[in-house]
file target_4.cif (mmCIF, C-alpha atoms and all ligand atoms)
data_start
#
loop_
_atom_site.label_atom_id
_atom_site.label_comp_id
_atom_site.auth_asym_id
_atom_site.auth_seq_id
_atom_site.Cartn_x
_atom_site.Cartn_y
_atom_site.Cartn_z
CA MET U 1 76.06 -55.79 -15.74
CA ILE U 2 76.79 -52.10 -16.31
CA ASN U 3 74.66 -50.01 -18.68
CA PRO U 4 76.66 -47.09 -20.17
CA MET U 5 73.35 -45.36 -21.10
CA ASP U 6 71.99 -45.52 -17.55
CA LEU U 7 70.06 -42.32 -16.69
CA THR U 8 69.20 -43.16 -13.09
CA GLY U 9 68.66 -40.02 -11.00
CA LYS U 10 68.66 -37.65 -13.99
CA HIS U 11 65.84 -35.19 -14.63
CA ILE U 12 65.23 -34.82 -18.36
CA ILE U 13 62.88 -32.28 -19.98
CA VAL U 14 61.30 -33.66 -23.17
CA THR U 15 59.42 -31.43 -25.62
CA GLY U 16 57.07 -32.90 -28.21
CA ALA U 17 56.44 -35.66 -25.69
CA SER U 18 52.85 -36.30 -26.78
CA SER U 19 53.71 -37.99 -30.07
CA GLY U 20 56.28 -39.66 -32.34
CA ILE U 21 59.96 -39.23 -31.47
CA GLY U 22 59.33 -37.21 -28.28
CA LYS U 23 56.86 -39.78 -26.91
CA GLU U 24 59.27 -42.63 -27.67
CA THR U 25 62.15 -40.67 -26.10
CA ALA U 26 60.12 -40.12 -22.91
CA GLN U 27 59.40 -43.85 -22.71
CA GLN U 28 62.99 -44.85 -23.38
CA ILE U 29 64.63 -42.45 -20.92
CA ALA U 30 62.15 -43.52 -18.23
CA LYS U 31 63.15 -47.15 -18.85
CA LEU U 32 66.77 -46.04 -18.44
CA GLY U 33 65.94 -44.59 -15.00
CA ALA U 34 65.33 -40.89 -15.70
CA LYS U 35 62.57 -38.68 -14.28
CA ALA U 36 60.82 -36.95 -17.19
CA SER U 37 59.15 -33.54 -17.48
CA LEU U 38 56.88 -33.75 -20.52
CA ILE U 39 55.98 -30.73 -22.67
CA SER U 40 53.58 -30.32 -25.62
CA ARG U 41 50.30 -28.48 -26.20
CA SER U 42 47.93 -31.40 -25.64
CA GLU U 43 47.33 -32.06 -21.94
CA ASP U 44 45.20 -35.13 -22.72
CA LYS U 45 47.92 -36.77 -24.80
CA LEU U 46 50.62 -35.96 -22.23
CA LYS U 47 48.53 -37.59 -19.50
CA LEU U 48 48.31 -40.77 -21.59
CA VAL U 49 52.09 -40.79 -22.14
CA LYS U 50 52.83 -40.16 -18.46
CA ALA U 51 50.51 -43.02 -17.48
CA VAL U 52 52.65 -45.58 -19.33
CA LEU U 53 56.10 -44.35 -18.22
CA GLU U 54 58.17 -46.67 -16.07
CA GLY U 55 59.39 -45.33 -12.74
CA THR U 56 58.15 -42.39 -10.67
CA GLY U 57 58.49 -38.61 -10.44
CA HIS U 58 57.37 -37.81 -13.98
CA ASN U 59 55.23 -34.74 -14.58
CA ILE U 60 53.44 -32.98 -17.43
CA PHE U 61 53.64 -29.32 -18.44
CA PRO U 62 51.16 -28.51 -21.25
CA PHE U 63 52.53 -25.48 -23.08
CA ASP U 64 52.57 -23.93 -26.57
CA LEU U 65 56.27 -23.43 -27.32
CA LYS U 66 55.45 -20.71 -29.85
CA ASN U 67 54.93 -18.54 -26.76
CA ILE U 68 58.65 -17.72 -26.63
CA SER U 69 58.38 -15.08 -23.90
CA GLY U 70 56.59 -17.60 -21.66
CA ILE U 71 59.37 -20.21 -21.82
CA GLU U 72 61.44 -18.71 -19.00
CA GLY U 73 58.39 -18.99 -16.67
CA LEU U 74 57.76 -22.55 -17.87
CA ILE U 75 61.32 -23.61 -16.98
CA LYS U 76 61.08 -21.82 -13.60
CA ASN U 77 57.88 -23.77 -12.87
CA ILE U 78 59.48 -27.08 -13.95
CA VAL U 79 62.59 -26.49 -11.82
CA GLU U 80 60.44 -25.56 -8.79
CA LYS U 81 58.38 -28.75 -9.12
CA GLN U 82 60.93 -31.22 -10.47
CA GLY U 83 64.35 -29.79 -9.55
CA PRO U 84 67.17 -28.58 -11.82
CA ALA U 85 67.54 -30.26 -15.21
CA ASP U 86 70.18 -32.80 -16.20
CA GLY U 87 69.07 -32.74 -19.80
CA LEU U 88 66.75 -31.45 -22.51
CA ALA U 89 65.46 -33.41 -25.50
CA HIS U 90 63.83 -30.88 -27.82
CA CYS U 91 61.70 -33.08 -30.07
CA ALA U 92 58.78 -30.67 -30.70
CA GLY U 93 58.60 -29.52 -34.29
CA VAL U 94 56.42 -29.06 -37.35
CA GLY U 95 57.11 -30.07 -40.95
CA ASP U 96 54.68 -27.90 -42.93
CA MET U 97 55.39 -27.77 -46.68
CA ARG U 98 54.89 -24.95 -49.20
CA PRO U 99 56.31 -24.25 -52.67
CA LEU U 100 58.73 -21.32 -52.78
CA GLN U 101 56.24 -18.97 -54.50
CA VAL U 102 53.93 -19.10 -51.47
CA THR U 103 56.68 -19.22 -48.85
CA ASN U 104 56.28 -15.81 -47.23
CA PHE U 105 57.62 -14.24 -44.04
CA ASP U 106 54.63 -15.31 -41.91
CA PHE U 107 54.94 -18.94 -42.94
CA ILE U 108 58.70 -19.07 -42.32
CA HIS U 109 58.26 -17.28 -38.98
CA GLU U 110 55.65 -19.81 -37.76
CA ILE U 111 58.02 -22.70 -38.49
CA MET U 112 61.06 -20.95 -37.00
CA LEU U 113 59.11 -20.20 -33.81
CA ILE U 114 58.60 -23.82 -32.85
CA ASN U 115 61.51 -25.53 -34.65
CA PHE U 116 64.30 -23.03 -33.85
CA TYR U 117 63.46 -20.01 -31.64
CA SER U 118 61.90 -22.15 -28.90
CA PHE U 119 65.07 -24.30 -28.80
CA ILE U 120 67.29 -21.24 -28.30
CA GLU U 121 65.03 -19.89 -25.55
CA LEU U 122 64.79 -23.28 -23.80
CA THR U 123 68.58 -23.65 -23.93
CA ARG U 124 69.14 -20.06 -22.76
CA THR U 125 66.89 -20.45 -19.74
CA ILE U 126 67.92 -23.99 -18.78
CA SER U 127 71.58 -22.92 -18.81
CA LYS U 128 70.90 -20.19 -16.21
CA LYS U 129 72.33 -20.72 -12.73
CA ARG U 130 70.22 -23.01 -10.51
CA ASN U 131 68.20 -24.36 -13.49
CA TYR U 132 70.69 -27.14 -14.35
CA ASN U 133 73.03 -29.63 -12.72
CA GLU U 134 76.65 -30.23 -13.66
CA ASN U 135 77.12 -32.46 -16.75
CA THR U 136 73.80 -31.46 -18.28
CA SER U 137 73.26 -32.59 -21.86
CA ILE U 138 71.06 -30.79 -24.38
CA VAL U 139 69.86 -32.63 -27.49
CA VAL U 140 67.77 -31.20 -30.32
CA VAL U 141 66.09 -33.13 -33.12
CA SER U 142 67.22 -31.74 -36.46
CA SER U 143 66.67 -33.70 -39.69
CA ALA U 144 68.54 -35.27 -42.59
CA ALA U 145 66.59 -32.63 -44.57
CA SER U 146 68.96 -30.06 -43.07
CA LYS U 147 71.72 -31.50 -45.25
CA LYS U 148 69.77 -32.94 -48.20
CA GLY U 149 67.05 -30.34 -48.87
CA ASP U 150 63.65 -31.17 -50.30
CA LYS U 151 61.07 -29.61 -52.65
CA SER U 152 58.56 -27.32 -50.89
CA LYS U 153 60.54 -27.53 -47.65
CA THR U 154 62.64 -24.35 -47.76
CA ALA U 155 61.39 -23.11 -44.39
CA TYR U 156 61.62 -26.51 -42.68
CA CYS U 157 65.12 -27.28 -44.00
CA ALA U 158 66.31 -23.78 -43.06
CA SER U 159 64.96 -24.21 -39.51
CA LYS U 160 66.87 -27.48 -39.15
CA GLY U 161 70.01 -25.96 -40.68
CA ALA U 162 69.75 -23.16 -38.13
CA LEU U 163 69.66 -25.76 -35.33
CA ASP U 164 72.72 -27.57 -36.67
CA SER U 165 74.72 -24.32 -36.95
CA SER U 166 73.58 -22.95 -33.62
CA ILE U 167 74.64 -25.99 -31.58
CA ARG U 168 78.25 -25.52 -32.66
CA SER U 169 78.30 -22.00 -31.18
CA ILE U 170 76.26 -22.86 -28.11
CA ALA U 171 78.46 -25.90 -27.33
CA LYS U 172 81.55 -23.67 -27.30
CA GLU U 173 79.86 -21.12 -25.04
CA LEU U 174 78.36 -23.63 -22.60
CA ALA U 175 81.47 -25.81 -22.27
CA THR U 176 82.57 -23.60 -19.36
CA LYS U 177 79.36 -24.64 -17.57
CA ARG U 178 79.94 -28.33 -18.48
CA ILE U 179 76.75 -28.37 -20.56
CA ARG U 180 77.00 -30.43 -23.75
CA VAL U 181 74.87 -29.59 -26.80
CA ASN U 182 74.27 -31.90 -29.78
CA SER U 183 71.70 -32.63 -32.47
CA VAL U 184 70.26 -35.82 -33.92
CA LEU U 185 69.47 -35.87 -37.66
CA PRO U 186 66.90 -38.58 -38.42
CA GLY U 187 65.98 -39.81 -41.86
CA PHE U 188 62.35 -40.84 -42.44
CA LEU U 189 60.69 -42.44 -39.41
CA LYS U 190 57.10 -43.67 -39.01
CA THR U 191 55.36 -40.86 -37.09
CA GLU U 192 52.39 -38.52 -37.62
CA MET U 193 54.74 -36.04 -39.33
CA TYR U 194 55.76 -38.73 -41.82
CA ASP U 195 52.06 -39.55 -42.50
CA LEU U 196 51.46 -35.90 -43.45
CA TYR U 197 54.57 -35.88 -45.67
CA LEU U 198 53.35 -39.00 -47.47
CA GLU U 199 49.97 -37.35 -48.09
CA ASN U 200 51.78 -34.39 -49.70
CA VAL U 201 54.32 -36.17 -51.92
CA GLY U 202 52.44 -39.42 -52.68
CA LYS U 203 53.44 -43.01 -51.94
CA ASP U 204 54.95 -43.77 -55.38
CA SER U 205 57.18 -40.69 -55.39
CA PHE U 206 58.25 -41.38 -51.79
CA GLU U 207 59.24 -44.97 -52.57
CA LYS U 208 61.09 -43.99 -55.76
CA ASN U 209 62.89 -40.88 -54.56
CA VAL U 210 63.36 -41.46 -50.83
CA LEU U 211 62.92 -45.00 -49.64
CA SER U 212 65.15 -46.43 -52.37
CA HIS U 213 68.01 -44.41 -50.82
CA GLN U 214 67.15 -45.13 -47.20
CA TYR U 215 68.77 -48.57 -47.37
CA TYR U 216 67.41 -49.96 -44.11
CA GLY U 217 63.80 -49.09 -45.04
CA MET U 218 61.49 -46.96 -42.89
CA GLY U 219 62.90 -46.00 -39.52
CA GLU U 220 61.00 -46.21 -36.22
CA PRO U 221 60.77 -43.49 -33.52
CA ILE U 222 62.87 -45.76 -31.27
CA ASP U 223 65.83 -45.36 -33.68
CA ALA U 224 65.94 -41.62 -32.92
CA ALA U 225 65.03 -42.12 -29.25
CA ASN U 226 68.03 -44.42 -28.69
CA ALA U 227 70.39 -41.89 -30.27
CA ILE U 228 68.89 -39.12 -28.10
CA ALA U 229 69.21 -41.27 -24.95
CA PHE U 230 72.86 -41.97 -25.80
CA LEU U 231 73.60 -38.24 -26.17
CA LEU U 232 71.77 -37.50 -22.90
CA SER U 233 73.76 -40.14 -21.05
CA ASP U 234 77.29 -39.99 -19.69
CA ALA U 235 78.26 -42.59 -22.33
CA SER U 236 78.62 -39.57 -24.65
CA LYS U 237 80.44 -37.34 -22.13
CA PHE U 238 83.19 -36.42 -24.64
CA ILE U 239 80.73 -35.47 -27.43
CA THR U 240 79.54 -31.89 -27.89
CA GLY U 241 78.77 -29.50 -30.74
CA THR U 242 78.04 -32.21 -33.27
CA GLY U 243 75.18 -33.83 -35.19
CA LEU U 244 74.49 -37.56 -35.08
CA ILE U 245 72.94 -38.82 -38.32
CA VAL U 246 70.36 -41.61 -37.86
CA ASP U 247 69.08 -42.21 -41.37
CA GLY U 248 69.46 -45.82 -42.54
CA GLY U 249 72.11 -44.65 -45.00
CA TYR U 250 69.94 -41.95 -46.69
CA LEU U 251 72.71 -39.32 -46.71
CA SER U 252 75.53 -41.74 -47.51
N1 LIG T 301 59.29 -38.36 -38.49
C1 LIG T 301 60.31 -38.14 -39.25
O1 LIG T 301 60.49 -38.82 -40.28
C2 LIG T 301 61.32 -37.07 -38.89
C3 LIG T 301 62.50 -37.02 -39.62
C4 LIG T 301 63.45 -36.05 -39.30
C5 LIG T 301 63.20 -35.16 -38.28
N2 LIG T 301 62.05 -35.21 -37.58
C6 LIG T 301 61.86 -34.24 -36.51
O2 LIG T 301 61.52 -34.90 -35.32
C7 LIG T 301 60.79 -34.03 -34.46
C8 LIG T 301 59.55 -34.77 -33.97
O3 LIG T 301 58.76 -35.10 -35.08
P1 LIG T 301 57.76 -36.37 -35.11
O4 LIG T 301 58.01 -37.06 -36.38
O5 LIG T 301 57.86 -37.08 -33.84
O6 LIG T 301 56.38 -35.58 -35.28
P2 LIG T 301 54.98 -35.66 -34.52
O7 LIG T 301 54.63 -37.07 -34.22
O8 LIG T 301 54.08 -34.84 -35.35
O9 LIG T 301 55.28 -34.91 -33.13
C9 LIG T 301 55.46 -33.52 -33.07
C10 LIG T 301 55.43 -33.11 -31.63
O10 LIG T 301 55.66 -31.70 -31.54
C11 LIG T 301 54.68 -31.15 -30.64
N3 LIG T 301 54.44 -29.74 -31.00
C12 LIG T 301 54.13 -29.25 -32.23
N4 LIG T 301 53.92 -27.92 -32.16
C13 LIG T 301 54.09 -27.57 -30.86
C14 LIG T 301 54.00 -26.34 -30.15
N5 LIG T 301 53.68 -25.20 -30.78
N6 LIG T 301 54.26 -26.35 -28.83
C15 LIG T 301 54.57 -27.49 -28.18
N7 LIG T 301 54.68 -28.68 -28.80
C16 LIG T 301 54.44 -28.72 -30.12
C17 LIG T 301 53.45 -32.03 -30.82
O11 LIG T 301 52.62 -32.03 -29.67
P3 LIG T 301 51.22 -31.25 -29.52
O12 LIG T 301 50.48 -31.36 -30.80
O13 LIG T 301 50.56 -31.94 -28.35
O14 LIG T 301 51.59 -29.84 -29.19
C18 LIG T 301 54.10 -33.40 -30.94
O15 LIG T 301 54.33 -33.94 -29.65
C19 LIG T 301 60.46 -32.79 -35.30
O16 LIG T 301 61.35 -31.75 -34.95
C20 LIG T 301 60.75 -33.26 -36.73
O17 LIG T 301 61.14 -32.17 -37.54
C21 LIG T 301 61.09 -36.14 -37.86
#
call {"tool": "encode", "arguments": {"input": "target_4.cif", "output": "structure tokens"}}
result
Amino acid sequence: MINPMDLTGKHIIVTGASSGIGKETAQQIAKLGAKASLISRSEDKLKLVKAVLEGTGHNIFPFDLKNISGIEGLIKNIVEKQGPADGLAHCAGVGDMRPLQVTNFDFIHEIMLINFYSFIELTRTISKKRNYNENTSIVVVSSAASKKGDKSKTAYCASKGALDSSIRSIAKELATKRIRVNSVLPGFLKTEMYDLYLENVGKDSFEKNVLSHQYYGMGEPIDAANAIAFLLSDASKFITGTGLIVDGGYLS
């Protein structure tokens, strides 16, 4: 039986691989045959994830992606050890909340560094000659919040909106290199980030204002991971410059 999402022989770089969507993505792409290069800050957590991945050839690269000027060296190191990339899944991100009156430049900058600037620098360096193979696919995790907005999430929503806008430009520019670029926009999924959100807004408010509109209930990390795997695979070879909404109907 053929599997249109088969990733056999592909080398995929996964950021945020220590937890939540990134961890699930690493596990799913390994099941589909890919070799994974795992990035996040926590070496201990990455080791645990690597230990449970199916297949061989996986490797970990502990790194703080807020160190933007270090990303080019990180990719050079990954390519030297693992070979050129066939894909990137940028799942690393933070969801810190602050009311507008205390949303200052430093706070916005911290969020943009990891959620947006690191994605641009990763994409810029991966798309350099010898760092990628033909038919590479780049996928970034945006959020339904990019389209819907949320109280106390100006910086977060703006960072996700920046991702969704940027992929349209980057896809046009990288089409000549046969590199596709897309985003996935999840609704609310059960991860550590969601736990923090629930602490901030309260369970009752979440159920009344959010869950009642997310018609299929709480999502799981695997729901985003499957969408990411699809966009990384050749099953999506005619899809670039677009956002795939995975939200149980929240934005409908
Ligand atoms: N969960 C949801 O409901 C939901 C909905 C929509 C969108 N999203 C998006 O999905 C993505 C993943 O979120 P999640 O829910 O899976 O959250 P999570 O479980 O908190 O995972 C976040 C990941 O990002 C990594 N990370 C954070 N800061 C980093 C840094 N400076 N350098 C390198 N890695 C860093 C963390 O690893 P370390 O701590 O080891 O560095 C962790 O692996 C985020 O972009 C989020 O905005 C989530």
call {"tool": "closest_atom_pairs", "arguments": {"input": "target_4.cif", "of": "chain U", "to": "ligand LIG 301 (chain T)", "cutoff": "6 Å", "atoms": "all atoms listed in the file", "output": "JSON lines"}}
result
{"residue": "U:Gly16", "atom": "CA", "partner": "T:LIG301", "partner_atom": "O15", "distance": 3.3}
{"residue": "U:Ala17", "atom": "CA", "partner": "T:LIG301", "partner_atom": "O15", "distance": 4.8}
{"residue": "U:Ser18", "atom": "CA", "partner": "T:LIG301", "partner_atom": "O15", "distance": 4.0}
{"residue": "U:Ser19", "atom": "CA", "partner": "T:LIG301", "partner_atom": "O15", "distance": 4.1}
{"residue": "U:Gly20", "atom": "CA", "partner": "T:LIG301", "partner_atom": "O5", "distance": 3.4}
{"residue": "U:Ile21", "atom": "CA", "partner": "T:LIG301", "partner_atom": "O5", "distance": 3.8}
{"residue": "U:Gly22", "atom": "CA", "partner": "T:LIG301", "partner_atom": "O5", "distance": 5.8}
{"residue": "U:Ser40", "atom": "CA", "partner": "T:LIG301", "partner_atom": "N7", "distance": 3.7}
{"residue": "U:Arg41", "atom": "CA", "partner": "T:LIG301", "partner_atom": "O14", "distance": 3.5}
{"residue": "U:Ser42", "atom": "CA", "partner": "T:LIG301", "partner_atom": "O13", "distance": 3.8}
{"residue": "U:Phe63", "atom": "CA", "partner": "T:LIG301", "partner_atom": "C15", "distance": 5.8}
{"residue": "U:Asp64", "atom": "CA", "partner": "T:LIG301", "partner_atom": "N6", "distance": 3.7}
{"residue": "U:Leu65", "atom": "CA", "partner": "T:LIG301", "partner_atom": "N6", "distance": 3.9}
{"residue": "U:Lys66", "atom": "CA", "partner": "T:LIG301", "partner_atom": "N5", "distance": 4.9}
{"residue": "U:Cys91", "atom": "CA", "partner": "T:LIG301", "partner_atom": "C7", "distance": 4.6}
{"residue": "U:Ala92", "atom": "CA", "partner": "T:LIG301", "partner_atom": "O10", "distance": 3.4}
{"residue": "U:Gly93", "atom": "CA", "partner": "T:LIG301", "partner_atom": "O16", "distance": 3.6}
{"residue": "U:Val94", "atom": "CA", "partner": "T:LIG301", "partner_atom": "C12", "distance": 5.6}
{"residue": "U:Gly95", "atom": "CA", "partner": "T:LIG301", "partner_atom": "O17", "distance": 5.7}
{"residue": "U:Ile114", "atom": "CA", "partner": "T:LIG301", "partner_atom": "N5", "distance": 5.5}
{"residue": "U:Val141", "atom": "CA", "partner": "T:LIG301", "partner_atom": "O16", "distance": 5.3}
{"residue": "U:Ser142", "atom": "CA", "partner": "T:LIG301", "partner_atom": "C5", "distance": 5.6}
{"residue": "U:Ser143", "atom": "CA", "partner": "T:LIG301", "partner_atom": "C4", "distance": 4.0}
{"residue": "U:Pro186", "atom": "CA", "partner": "T:LIG301", "partner_atom": "C4", "distance": 4.4}
{"residue": "U:Gly187", "atom": "CA", "partner": "T:LIG301", "partner_atom": "C3", "distance": 5.0}
{"residue": "U:Phe188", "atom": "CA", "partner": "T:LIG301", "partner_atom": "O1", "distance": 3.5}
{"residue": "U:Leu189", "atom": "CA", "partner": "T:LIG301", "partner_atom": "O1", "distance": 3.7}
{"residue": "U:Lys190", "atom": "CA", "partner": "T:LIG301", "partner_atom": "N1", "distance": 5.8}
{"residue": "U:Thr191", "atom": "CA", "partner": "T:LIG301", "partner_atom": "O4", "distance": 4.7}
{"residue": "U:Glu192", "atom": "CA", "partner": "T:LIG301", "partner_atom": "O7", "distance": 4.3}
{"residue": "U:Met193", "atom": "CA", "partner": "T:LIG301", "partner_atom": "O8", "distance": 4.2}
{"residue": "U:Tyr194", "atom": "CA", "partner": "T:LIG301", "partner_atom": "N1", "distance": 4.9}
call {"tool": "closest_residue", "arguments": {"input": "target_4.cif", "among": "U:Glu207, U:Ile108, U:Glu173, U:Arg178", "to": "Ala158 (chain U)", "atoms": "all atoms listed in the file"}}
result
U:Ile108
call {"tool": "residues_around", "arguments": {"input": "target_4.cif", "residues": "Glu110 (chain U)", "least_positions_apart": "5", "cutoff": "12 Å", "atoms": "all atoms listed in the file", "output": "list in words"}}
result
Leu65, Lys66, Asn67, Ile68, Gly93, Val94, Gly95, Asp96, Met97, Thr103, Asn104, Phe105, Asn115, Phe116, Tyr117, Ser118, Ala155, Tyr156 and Ser159 of chain U
call {"tool": "residues_around", "arguments": {"input": "target_4.cif", "residues": "Gln27 (chain U)", "least_positions_apart": "4", "cutoff": "10 Å", "atoms": "all atoms listed in the file", "output": "PDB file with C-alpha atoms, in the coordinates of the input"}}
result
ATOM      1  CA  ALA U  17      56.440 -35.660 -25.690  1.00  0.00           C
ATOM      2  CA  ILE U  21      59.960 -39.230 -31.470  1.00  0.00           C
ATOM      3  CA  GLY U  22      59.330 -37.210 -28.280  1.00  0.00           C
ATOM      4  CA  LYS U  23      56.860 -39.780 -26.910  1.00  0.00           C
ATOM      5  CA  LYS U  31      63.150 -47.150 -18.850  1.00  0.00           C
ATOM      6  CA  LEU U  32      66.770 -46.040 -18.440  1.00  0.00           C
ATOM      7  CA  ALA U  34      65.330 -40.890 -15.700  1.00  0.00           C
ATOM      8  CA  ALA U  36      60.820 -36.950 -17.190  1.00  0.00           C
ATOM      9  CA  VAL U  49      52.090 -40.790 -22.140  1.00  0.00           C
ATOM     10  CA  LYS U  50      52.830 -40.160 -18.460  1.00  0.00           C
ATOM     11  CA  VAL U  52      52.650 -45.580 -19.330  1.00  0.00           C
ATOM     12  CA  LEU U  53      56.100 -44.350 -18.220  1.00  0.00           C
ATOM     13  CA  GLU U  54      58.170 -46.670 -16.070  1.00  0.00           C
ATOM     14  CA  ILE U 222      62.870 -45.760 -31.270  1.00  0.00           C
ATOM     15  CA  ALA U 225      65.030 -42.120 -29.250  1.00  0.00           C
TER      16      ALA U 225
END
call {"tool": "closest_residue", "arguments": {"input": "target_4.cif", "among": "U:Phe230, U:Phe206, U:Phe238, U:Tyr216", "to": "Ile179 (chain U)", "atoms": "all atoms listed in the file"}}
result
U:Phe238
call {"tool": "closest_residue", "arguments": {"input": "target_4.cif", "among": "U:Leu251, U:Ala235, U:Asn59, U:Thr15", "to": "Tyr215 (chain U)", "atoms": "all atoms listed in the file"}}
result
U:Leu251
call {"tool": "atom_distance", "arguments": {"input": "target_4.cif", "atom1": "CA of Gly57 (chain U)", "atom2": "CA of Asn182 (chain U)"}}
result
25.8 Å
call {"tool": "atom_distance", "arguments": {"input": "target_4.cif", "atom1": "CA of Leu185 (chain U)", "atom2": "CA of Tyr197 (chain U)"}}
result
16.9 Å
call {"tool": "residues_around", "arguments": {"input": "target_4.cif", "residues": "Ser166 (chain U)", "least_positions_apart": "3", "cutoff": "12 Å", "atoms": "all atoms listed in the file", "output": "ChimeraX atom specification"}}
result
/U:116-117,119-120,123,140,142,158-163,169-173,181-183,241-243
call {"tool": "residues_around", "arguments": {"input": "target_4.cif", "residues": "Thr125 (chain U)", "least_positions_apart": "3", "cutoff": "12 Å", "atoms": "only C-alpha atoms", "output": "list of chain:residue names"}}
result
U:Ile68, U:Ser69, U:Gly70, U:Ile71, U:Glu72, U:Gly73, U:Leu74, U:Ile75, U:Lys76, U:Asn77, U:Ile78, U:Val79, U:Pro84, U:Ala85, U:Leu88, U:Ser118, U:Phe119, U:Ile120, U:Glu121, U:Leu122, U:Lys128, U:Lys129, U:Arg130, U:Asn131, U:Tyr132
call {"tool": "atom_distance", "arguments": {"input": "target_4.cif", "atom1": "CA of Phe107 (chain U)", "atom2": "CA of Lys203 (chain U)"}}
result
25.7 Å
call {"tool": "closest_residue", "arguments": {"input": "target_4.cif", "among": "U:Ile239, U:Ser127, U:Lys208, U:Lys35", "to": "Lys177 (chain U)", "atoms": "all atoms listed in the file"}}
result
U:Ser127
call {"tool": "closest_residue", "arguments": {"input": "target_4.cif", "among": "U:Val210, U:Ile2, U:Ile29, U:Leu100", "to": "Ala144 (chain U)", "atoms": "only C-alpha atoms"}}
result
U:Val210
call {"tool": "axis_aligned_box", "arguments": {"input": "target_4.cif", "around": "region 123-133 of chain U", "padding_each_side": "6 Å", "output": "JSON"}}
result
{"center_x": 70.0, "center_y": -24.8, "center_z": -17.2, "size_x": 18.1, "size_y": 21.6, "size_z": 25.4}
call {"tool": "closest_residue", "arguments": {"input": "target_4.cif", "among": "U:Val139, U:Leu211, U:His11, U:Glu80", "to": "Leu198 (chain U)", "atoms": "all atoms listed in the file"}}
result
U:Leu211
call {"tool": "decode", "arguments": {"input": "target_4.cif", "residues": "region 200-237 of chain U", "atoms": "C-alpha atoms", "output": "PDB file, in the first residue's frame"}}
result
ATOM      1  CA  ASN U 200      -4.261  33.033  33.041  1.00  0.00           C
ATOM      2  CA  VAL U 201      -7.837  33.135  31.733  1.00  0.00           C
ATOM      3  CA  GLY U 202      -9.516  30.627  34.092  1.00  0.00           C
ATOM      4  CA  LYS U 203     -11.342  27.396  33.257  1.00  0.00           C
ATOM      5  CA  ASP U 204     -14.877  28.872  33.259  1.00  0.00           C
ATOM      6  CA  SER U 205     -13.997  31.712  30.900  1.00  0.00           C
ATOM      7  CA  PHE U 206     -12.106  29.312  28.613  1.00  0.00           C
ATOM      8  CA  GLU U 207     -15.052  26.916  28.378  1.00  0.00           C
ATOM      9  CA  LYS U 208     -17.565  29.726  27.792  1.00  0.00           C
ATOM     10  CA  ASN U 209     -15.609  31.876  25.355  1.00  0.00           C
ATOM     11  CA  VAL U 210     -13.338  29.412  23.562  1.00  0.00           C
ATOM     12  CA  LEU U 211     -14.268  25.777  23.887  1.00  0.00           C
ATOM     13  CA  SER U 212     -17.922  26.403  23.022  1.00  0.00           C
ATOM     14  CA  HIS U 213     -16.704  27.609  19.590  1.00  0.00           C
ATOM     15  CA  GLN U 214     -14.095  24.900  19.074  1.00  0.00           C
ATOM     16  CA  TYR U 215     -16.742  22.382  18.016  1.00  0.00           C
ATOM     17  CA  TYR U 216     -14.591  19.254  18.155  1.00  0.00           C
ATOM     18  CA  GLY U 217     -13.464  19.991  21.739  1.00  0.00           C
ATOM     19  CA  MET U 218      -9.820  20.251  22.825  1.00  0.00           C
ATOM     20  CA  GLY U 219      -7.302  19.370  20.142  1.00  0.00           C
ATOM     21  CA  GLU U 220      -4.269  17.128  20.649  1.00  0.00           C
ATOM     22  CA  PRO U 221      -0.660  17.845  19.547  1.00  0.00           C
ATOM     23  CA  ILE U 222      -1.032  15.026  17.001  1.00  0.00           C
ATOM     24  CA  ASP U 223      -3.695  17.080  15.160  1.00  0.00           C
ATOM     25  CA  ALA U 224      -1.090  19.756  14.379  1.00  0.00           C
ATOM     26  CA  ALA U 225       1.694  17.199  13.863  1.00  0.00           C
ATOM     27  CA  ASN U 226      -0.282  15.407  11.138  1.00  0.00           C
ATOM     28  CA  ALA U 227      -0.921  18.682   9.306  1.00  0.00           C
ATOM     29  CA  ILE U 228       2.788  19.560   9.567  1.00  0.00           C
ATOM     30  CA  ALA U 229       3.804  16.102   8.296  1.00  0.00           C
ATOM     31  CA  PHE U 230       1.433  16.488   5.342  1.00  0.00           C
ATOM     32  CA  LEU U 231       2.965  19.865   4.415  1.00  0.00           C
ATOM     33  CA  LEU U 232       6.486  18.424   4.778  1.00  0.00           C
ATOM     34  CA  SER U 233       5.642  15.499   2.514  1.00  0.00           C
ATOM     35  CA  ASP U 234       5.426  15.351  -1.261  1.00  0.00           C
ATOM     36  CA  ALA U 235       1.662  14.802  -0.874  1.00  0.00           C
ATOM     37  CA  SER U 236       1.490  18.613  -0.641  1.00  0.00           C
ATOM     38  CA  LYS U 237       3.929  19.308  -3.497  1.00  0.00           C
TER      39      LYS U 237
END
